[in-house]
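Participant: Right, I'll just put the structure down here and ask away after.
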Amino acid sequence: MPEPATLLVADDDPGLRESLERTLTREGFHVVLASDGNAALERLRGGGIDLVLTDLKMPGLTGIEVLRAAKAIAPDVDVILLTAFGTVEEAVRAMKAGAYDFLTKPFQRPQVLRLIRQALERRDLIQQNRELQQRLDVLLQQGIAIGSSPAFRRMMMLVDQVADSSATVLIQGESGTGKELVAKTIHARSARTKGPFVAVNCAALPEALLESELFGYEKGAFTGAAGRKEGRFELADGGTLFLDEVADLSPVTQPKILRVLQEGEFERLGGTRTIRVDVRVVAATNQDLAQMVREKRFREDLYYRLNVITINVPPLRERREDIHVLAQHFLRMYAAKNNRKLEGFTDEALRRLEAYAWPGNVRELENVIERGVVLARSAQMDVADLPPEIAGATPLPEGVLSVRIGTPLAEVEQRLLEETLRVTKGNKTLTARLLGIDPRTVSRKLERQDEPGEGSGP
Ligand SMILES: Nc1ncnc2c1ncn2[C@@H]1O[C@H](COP(=O)(O)OP(=O)(O)OP(=O)(O)O)[C@@H](O)[C@H]1O
Ligand SMILES: [Mg+2]
């Protein structure tokens with residue numbers, strides 16, 4: 001049995017207090033009485049109150065003043081105002097000041113009870129959502145990436161393997177695929193997890209500013225350098241430095257980074273003292289660095305230094321199994337944030353989500369779900385809550401695989417195998433028969449897939 005809710009009733013009319021007490025106690029509520037506003041606030045400060053019902057006109061503090069003070073003392077506790085006939089304007093004012101609702105005297109028992117139950121239900125929901133949100137925040141801080149596709153699981157296996165070394169990692173993938181999240185996960189699962197995770201976006205700042213951010217500067221290093229400042233490399237000492245958009249490093253900055261990677265040392269701008277740091281570098285880019293090296297737009301030696309281990313984050317369209325779990329995850333997250341009661345998706349909405357190509361990858365999916373949560377009118381997100389380009393996506397019929405021209409044959413084979421296994425619910429014998437190959441071949445191909453790919457270095 002849940003604890004009975006505690007209701008605080010403030011009214012200067014003893015008759016009304018007692019009749020409310022009798023009614024509410026009979027309904028199983030725990031009732032606390034106050035004969036004026038000050039007594040009510042005193043009691044509220046003591047804690048343990050779930051809902052306040054207060055008269056609007058009382059000697060001493062008015063109901064509105066009680067309401068304002070209550071919002072300051074216990075912001076989570078809703079206030080219902082009891083007004084006499086004829087004070088509607090004041091009731092409107094009360095609503096504006098944050099009252100949950102108001103009841104005009106004389107009121108009917110069922111009406112009072114319904115309002116109280118609604119307010120308590122809402123309070124429960126807000127509390128549950130808040131707890132859920134806190135748990136999610138903790139998980140996200142630990143760098144929890146979500147996914148269930150074979151491609152995603154392979155990537156996470158590699159993440160686990162490399163996390164504990166101090167090798168430099170290069171994360172490659174299209175925009176919005178989750179590169180930064182992967183970098184955080186590597187940090188969280190490494191021995192450096194108690195150390196700092198410091199991120200620098202190499203594309204966000206012009207060369208000179210970026211260098212002073214990275215290496216710091218001494219007083220007077222340049223006009224405006226009024227004091228000494230530590231750079232991100234120093235701040236990341238003992239932890240991980242995430243160099244985002246690393247392809248945008250200028251030709252002038254590139255050798256300086258190379259030196260830190262090779263020697264673990266550098267000087268602050270305008271300084272002469274050599275500073276040594278213990279930093280693990282994880283870099284990310286959505287550009288083809290190898291191609292840039294060939295075109296002499298990126299230093300080869302730096303590329304090799306960064307690219308000790310490569311992690312390729314696959315685009316969302318190549319791991320369709322993840323769409324459902326990610327969509328569900330974002331739905332829960334944004335429903336909690338917006339205090340919406342949303343449980344899931346209609347089958348049709350889900351089919352459209354899975355059929356869409358997601359050029360903006362996980363970030364686009366996240367935005368679409370956040371928008372949908374705000375728009376949704378029922379407990380399930382429907383096609384109408386999705387943007388037109390997705391609502392109009394034609395779902396592939398079950399059992400059809402779509403492959404873009406130019407996809408490597410090995411990848412086509414792998415996706416065909418995975419999709420067939422999915423349709424046969426993991427039945428290898430049936431899969432082999434459908435594909436016209438030997439069951440042992442299926443097993444062998446699966447084993448090979450489960451070997452995490454080596455850092456596909458140069
Ligand atoms: N597997 C995942 N599980 C949960 N959330 C994810 C996952 N992948 C990405 N996200 C979320 O999607 C958003 C985009 O991810 P992130 O910023 O890591 O992508 P990115 O590859 O760094 O993008 P860009 O290239 O644009 O910088 C973030 O809000 C992130 O939390
Ligand atoms: Mg990023």
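Chain labels A, B, ... are given in the sequence in which chains occur in the structure tokens; within each chain residues are numbered consecutively from 1, and ligands are likewise numbered from 1 in the order shown.
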Per residue of chain A within 9 Å of ligand 1, record the nearest atom pair and its distance in Å to one decimal, counting only C-alpha atoms and all ligand atoms, with rows in chain order and ascending residue number, as a Markdown table.

Facilitator:
| residue | atom | partner | partner_atom_place_in_ligand_line | distance |
| --- | --- | --- | --- | --- |
| A:Leu140 | CA | ligand 1 | 31 (O) | 7.5 |
| A:Gly143 | CA | ligand 1 | 31 (O) | 8.5 |
| A:Ile144 | CA | ligand 1 | 3 (N) | 6.6 |
| A:Ala145 | CA | ligand 1 | 3 (N) | 3.7 |
| A:Ile146 | CA | ligand 1 | 3 (N) | 3.7 |
| A:Gly147 | CA | ligand 1 | 1 (N) | 5.4 |
| A:Phe152 | CA | ligand 1 | 1 (N) | 7.9 |
| A:Ile171 | CA | ligand 1 | 21 (O) | 8.8 |
| A:Gln172 | CA | ligand 1 | 21 (O) | 8.2 |
| A:Gly173 | CA | ligand 1 | 21 (O) | 6.3 |
| A:Glu174 | CA | ligand 1 | 25 (O) | 6.0 |
| A:Ser175 | CA | ligand 1 | 25 (O) | 3.3 |
| A:Gly176 | CA | ligand 1 | 23 (O) | 3.4 |
| A:Thr177 | CA | ligand 1 | 21 (O) | 4.1 |
| A:Gly178 | CA | ligand 1 | 18 (O) | 3.2 |
| A:Lys179 | CA | ligand 1 | 21 (O) | 3.7 |
| A:Glu180 | CA | ligand 1 | 18 (O) | 3.6 |
| A:Leu181 | CA | ligand 1 | 18 (O) | 4.1 |
| A:Val182 | CA | ligand 1 | 18 (O) | 6.7 |
| A:Ala183 | CA | ligand 1 | 18 (O) | 8.0 |
| A:Lys184 | CA | ligand 1 | 18 (O) | 8.6 |
| A:Asn201 | CA | ligand 1 | 27 (O) | 9.0 |
| A:Asp244 | CA | ligand 1 | 27 (O) | 7.3 |
| A:Glu245 | CA | ligand 1 | 27 (O) | 7.4 |
| A:Ala284 | CA | ligand 1 | 22 (O) | 7.6 |
| A:Thr285 | CA | ligand 1 | 25 (O) | 6.8 |
| A:Asn286 | CA | ligand 1 | 25 (O) | 5.7 |
| A:Val313 | CA | ligand 1 | 21 (O) | 7.9 |
| A:Asp322 | CA | ligand 1 | 1 (N) | 8.0 |
| A:Val325 | CA | ligand 1 | 3 (N) | 8.8 |
| A:Leu326 | CA | ligand 1 | 3 (N) | 6.3 |
| A:His329 | CA | ligand 1 | 4 (C) | 7.5 |
| A:Phe330 | CA | ligand 1 | 5 (N) | 7.9 |
| A:Gly360 | CA | ligand 1 | 26 (O) | 8.2 |
| A:Asn361 | CA | ligand 1 | 12 (O) | 7.9 |
| A:Val362 | CA | ligand 1 | 12 (O) | 4.7 |
| A:Arg363 | CA | ligand 1 | 13 (C) | 4.2 |
| A:Glu364 | CA | ligand 1 | 12 (O) | 7.8 |
| A:Leu365 | CA | ligand 1 | 12 (O) | 7.9 |
| A:Glu366 | CA | ligand 1 | 12 (O) | 6.3 |
| A:Asn367 | CA | ligand 1 | 29 (O) | 8.8 |

Participant: Compile the contact shell of Ala327 (chain A) as a list in words: residues with an atom at most 10 Å away, counting only C-alpha atoms, same-chain residues fewer than 5 positions apart removed.

Facilitator: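 Everything that qualifies: Asp322, Arg332, Met333, Gly344, Phe345, Leu350, Leu353, Glu354, Val362, Leu365, Glu366, Val368, Ile369 and Glu370 of chain A.
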
Participant: Emit the selected residues as a short mmCIF file (atom, residue, chain, number, x, y, z; two decimals), in the first residue's frame, including N, CA and C atoms.

Facilitator:
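Result saved to result.cif:
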data_model
loop_
_atom_site.label_atom_id
_atom_site.label_comp_id
_atom_site.auth_asym_id
_atom_site.auth_seq_id
_atom_site.Cartn_x
_atom_site.Cartn_y
_atom_site.Cartn_z
N ASP A 322 19.13 -0.17 -35.05
CA ASP A 322 19.33 0.80 -33.97
C ASP A 322 18.25 1.89 -33.96
N ARG A 332 11.64 8.56 -24.54
CA ARG A 332 11.58 8.53 -23.08
C ARG A 332 12.25 9.77 -22.50
N MET A 333 13.42 10.08 -23.09
CA MET A 333 14.19 11.21 -22.59
C MET A 333 13.42 12.52 -22.72
N GLY A 344 5.19 5.30 -26.68
CA GLY A 344 5.91 4.68 -27.79
C GLY A 344 5.41 5.21 -29.11
N PHE A 345 5.49 4.36 -30.13
CA PHE A 345 5.15 4.76 -31.49
C PHE A 345 4.05 3.87 -32.05
N LEU A 350 6.65 3.96 -36.72
CA LEU A 350 7.92 3.24 -36.59
C LEU A 350 8.42 2.77 -37.95
N LEU A 353 9.94 5.69 -39.71
CA LEU A 353 11.25 6.04 -39.13
C LEU A 353 12.32 5.08 -39.64
N GLU A 354 11.96 3.81 -39.72
CA GLU A 354 12.94 2.81 -40.15
C GLU A 354 13.22 2.88 -41.63
N VAL A 362 22.13 10.13 -36.14
CA VAL A 362 21.46 10.05 -34.83
C VAL A 362 20.99 11.43 -34.36
N LEU A 365 17.73 12.12 -35.92
CA LEU A 365 16.69 11.30 -35.28
C LEU A 365 16.31 11.91 -33.93
N GLU A 366 17.31 12.32 -33.19
CA GLU A 366 17.04 12.93 -31.87
C GLU A 366 16.16 14.17 -32.03
N VAL A 368 14.14 14.93 -34.50
CA VAL A 368 12.81 14.57 -34.98
C VAL A 368 11.95 14.07 -33.82
N ILE A 369 12.55 13.28 -32.94
CA ILE A 369 11.77 12.73 -31.82
C ILE A 369 11.45 13.84 -30.82
N GLU A 370 12.38 14.73 -30.58
CA GLU A 370 12.11 15.82 -29.65
C GLU A 370 10.93 16.66 -30.14
#

Participant: Please identify all polymer residues within 9 Å of Ala336 (chain A), counting only C-alpha atoms, omitting same-chain residues fewer than 6 positions from it, and present them as a short mmCIF file (atom, residue, chain, number, x, y, z; two decimals) with C-alpha atoms, in the first residue's frame.

Facilitator:
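Saved to selection21.cif:
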data_model
loop_
_atom_site.label_atom_id
_atom_site.label_comp_id
_atom_site.auth_asym_id
_atom_site.auth_seq_id
_atom_site.Cartn_x
_atom_site.Cartn_y
_atom_site.Cartn_z
CA ILE A 126 6.63 14.81 -12.40
CA GLN A 128 8.87 9.83 -11.64
CA ASN A 129 10.01 11.73 -14.70
CA ARG A 130 12.56 13.62 -12.69
CA LEU A 132 14.10 8.88 -14.72
CA GLN A 133 15.83 11.95 -16.07
CA LEU A 342 4.19 9.18 -24.14
#

Participant: I'd like the contact shell of Thr441 (chain A) - 10 Å cut-off, only C-alpha atoms, skipping same-chain residues fewer than 5 positions apart - returned as a list in words.

Facilitator: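 Counting only C-alpha atoms, the residues come to Lys428, Ala432, Leu446 and Glu447 of chain A.
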
Participant: Using the chain letters and numbers from this document, which residues of region 109-312 of chain A does DSSP assign to helix (DSSP H, G or I), as a PyMOL selection string?

Facilitator: chain A and resi 109-141+150-163+179-188+207-215+232-235+246-248+254-263+289-294+300-306

Participant: How would you write, as an MDAnalysis selection string, the set of residues in region 20-236 of chain A that DSSP gives as strand (DSSP E)?

Facilitator: chainID A and resid 30:34 51:55 78:83 101:104 169:172 197:201 216:217 229:230

Participant: Quick one: residues within 8 Å of Gly372 (chain A), only C-alpha atoms, excluding same-chain residues fewer than 6 positions away - as an MDAnalysis selection string?

Facilitator: chainID A and resid 381 385:386

Participant: Report, in Å to a single decimal, how far apart CA of Asp11 (chain A) and CA of Ala34 (chain A) are.

Facilitator: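 Spanning CA of Ala34 (chain A) to CA of Asp11 (chain A) is a straight-line distance of 6.6 Å.
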